[in-house]
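Engineer: Attaching a single structure in structure tokens format; questions to follow.
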Amino acid sequence: MTDRPRVVLADSLAAEGVAVLEADHRLQVDDYSARSRTELETGLPGATGLIVRSGTQADAALIAAGDSLKVVGRAGVGLDNIDVDAATRRGVAVMNAPAGNTVSTAELAFALLLSAARRIPVADRSLRAGKWDRKAFRGAQLSGKTLGVIGAGRIGAEVIQRARAFGMKVMVADPYMTEERAQDLYVELVELDDMLPRVDFLTLHVPLTRETEGLLDAERIGRLQPHAVLVNAARGGILDEAALAAALREERLAAAALDVYAEEPLPADHPLRGAPNLVLTPHLGAATHDAQREVAIEIAASVRAALLDGDYSAAVNMPPYDRGDRDRLRPVLDLAERLGSVLGEVIQGGVGEVSVRYGGEVQRGLRLISSAALIGLWKVRLDTSINLINALPLARERGISVSRARVGEVTGYRGTLEVTARSGDESHVVTGGVEADGQLRLLRIDGCHVEVEPRGYLLIFRNRDEPGVVGEVGTRLGAAGVNIAEFHQARDPSTGDSLAVLSLDERPGPDLLTDLRSLPPILWARGVRLDS
């Protein structure tokens with residue numbers, strides 16, 4: 001037996017990637033690539049990492065079999081074979097390798113473009129059949145023509161560079177591209193429907209999502225000019241395959257080339273197989289030795305960083321943060337979780353709204369900070385696994401509104417946090433700060449200034465401002481053998497009551513809390529454990 005984090009390989013991974021995982025023997029790697037699905041599910045319990053390629057469906061059942069999973073990695077770009085929602089609900093990070101096969105996929109897209117434009121595959125078959133029919137295979141040159149690019153991310157940008165090298169004019173339809181980025185790439189940024197009738201060639205480079213599924217439907221395919229050539233090396237399901245086959249048969253489109261399909265492998269009776277002027281390849285975008293090596297190294301490095309260093313910045317289902325901000329964010333996230341735990345004990349009803357206001361040197365990470373506050377809030381309330389991955393989705397499922405705001409830089413602290421929770425008419429707010437040396441301070445509760453380190457066990461109580469209350473509480477704690485490390489009390493100007501926070505060396509038993517609550521001046525008393 002070993003206590004090293006264990007990574008299961010569901011599909012074969014290039015040796016260079018395996019070497020990254022095994023670099024210093026802190027990870028145990030188990031290769032299940034040659035085993036059955038049943039054997040894979042049997043081997044997943046206790047594993048903290050799972051790496052797949054396109055061959056394994058990491059569905060909800062497989063993710064559930066990994067009772068200790070922290071991360072599922074895909075050695076490739078697409079995540080259509082991973083149930084990201086199921087992973088998120090279980091707090092499992094999902095990672096991919098978006099950069100490793102960029103060049104290989106872009107080169108294939110361009111190879112398909114050239115093959116379709118110059119009718120290379122059908123000319124090859126004709127020559128092998130003993131013919132020499134040059135006139136039958138007259139094609140189109142690229143130079144001087146217009147290429148339409150749908151989606152200008154990593155791969156799309158690489159295709160654009162190659163198109164410009166061929167002397168093509170490029171138009172881009174991408175709702176996320178800025179005019180500045182378009183100018184940098186020397187392309188014209190246009191709306192999709194306006195672009196389609198104006199292009200000679202069209203290539204797709206968007207992921208398959210709810211928004212892009214069926215993006216190029218029959219109506220949009222019909223907007224293309226009859227001499228146009230269409231290429232899809234992105235994802236199947238983005239275009240209407242039946243409509244494409246019909247357009248080719250009816251000569252409403254000159255040619256097309258596809259590497260991806262809505263159903264893979266492509267069924268033997270699929271209409272695409274009989275369509276004319278169509279180049280088909282079996283999902284070869286990343287099928288180069290170079291790409292497989294690069295995606296293996298990329299995903300192995302991301303999984304290794306997550307499991308050994310706690311670096312989840314590559315996760316696609318986690319609130320994003322800059323890798324360079326990770327160390328500076330750590331004390332802020334720690335403070336947010338502790339303030340959330342204080343709120344979780346102070347507020348008594350079901351929380352319906354949470355707001356987080358942050359001020360400090362780290363400019364990004366508000367969603368991450370909010371997630372940390374929710375973790376603390378629920379840690380004392382729910383018997384379920386909560387982490388930075390599923391905290392916000394869980395809030396949405398429970399109908400909890402979460403708002404975030406930056407309040408600029410602050411004086412005297414590296415960062416300050418104000419977290420508010422509301423339950424019906426009940427509302428509580430706690431404020432804390434991160435000092436210059438990284439020390440955490442709980443500064444205020446409901447407007448009362450109570451400066452104490454939020455660690456260990458805190459006793460918080462509100463009482464009528466009468467003589468002898470503090471002495472009586474101290475006497476009863478002393479009689480129970482509980483030592484007070486810090487004590488702060490403040491008067492609430494809005495009510496005239498007092499609020500006290502005591503940092504204790506030991507956790508008092510439930511009988512002691514009940515005893516304290518029985519004191520007539522005590523309005524309420526809560527205990528919160530901030531360190532396990």
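Going by the structure tokens order, chains are called A, B, ..., each with residues numbered from 1, while ligands are numbered from 1 in the order shown.
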Residues at most 9 Å from stretch 61-77 of chain A, counting only C-alpha atoms, excluding those fewer than 5 positions away in the same chain, as a ChimeraX atom specification?

Structural biologist: /A:13,37,40-54,82-83,86-87,90-102,207,286,291-292,295-300,302-303,306-307,312,315

Engineer: Give me the residues near stretch 253-258 of chain A as a PyMOL selection string, where near means some atom within 8 Å (using only C-alpha atoms) and where sequence neighbours in that chain fewer than 6 positions away do not count.

Structural biologist: chain A and resi 112-113+115-117+224-233+247+276-281

Engineer: Name all residues at most 9 Å from A:Pro393 (count only C-alpha atoms; drop same-chain ones fewer than 4 positions away) and give them as a ChimeraX atom specification.

Structural biologist: /A:88-89,389,397-398

Engineer: Counting only C-alpha atoms, which of A:Ser498, A:Gln348, A:Gln439, A:Thr209 gets nearest to A:Leu335?

Structural biologist: A:Gln439

Engineer: For stretch 443-451 of chain A, list every protein, DNA or RNA residue within 7 Å, evaluated using only C-alpha atoms, and leave out those in the same chain fewer than 4 positions away; present the list as a PyMOL selection string.

Structural biologist: chain A and resi 428-433+488-492+499+501

Engineer: Please identify which residues in stretch 228-292 of chain A DSSP calls helix (DSSP H, G or I) from the backbone, and express them as a ChimeraX atom specification.

Structural biologist: /A:241-249,271-274,289-292

Engineer: Dump C-alpha atoms for the selected residues as an mmCIF file, in the first residue's frame?

Structural biologist:
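Output saved as part04.cif:
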```cif
data_model
loop_
_atom_site.group_PDB
_atom_site.id
_atom_site.type_symbol
_atom_site.label_atom_id
_atom_site.label_comp_id
_atom_site.auth_asym_id
_atom_site.auth_seq_id
_atom_site.Cartn_x
_atom_site.Cartn_y
_atom_site.Cartn_z
ATOM 1 C CA GLU A 241 -24.245 16.937 -41.920
ATOM 2 C CA ALA A 242 -27.385 15.958 -43.843
ATOM 3 C CA ALA A 243 -27.771 19.511 -45.143
ATOM 4 C CA LEU A 244 -24.110 19.545 -46.187
ATOM 5 C CA ALA A 245 -24.465 16.255 -48.086
ATOM 6 C CA ALA A 246 -27.543 17.601 -49.873
ATOM 7 C CA ALA A 247 -25.792 20.854 -50.818
ATOM 8 C CA LEU A 248 -22.903 18.896 -52.350
ATOM 9 C CA ARG A 249 -25.195 16.523 -54.263
ATOM 10 C CA PRO A 271 -25.166 10.194 -46.304
ATOM 11 C CA LEU A 272 -21.774 11.907 -46.118
ATOM 12 C CA ARG A 273 -20.059 8.757 -47.397
ATOM 13 C CA GLY A 274 -21.817 9.032 -50.735
ATOM 14 C CA HIS A 289 3.659 12.099 -33.015
ATOM 15 C CA ASP A 290 4.448 15.707 -32.148
ATOM 16 C CA ALA A 291 0.913 16.524 -30.983
ATOM 17 C CA GLN A 292 0.529 13.350 -28.933
#
```

Engineer: Provide the atom CA of A:Leu388 to atom CA of A:Val402 distance in Å, to one decimal place.

Structural biologist: 14.2 Å
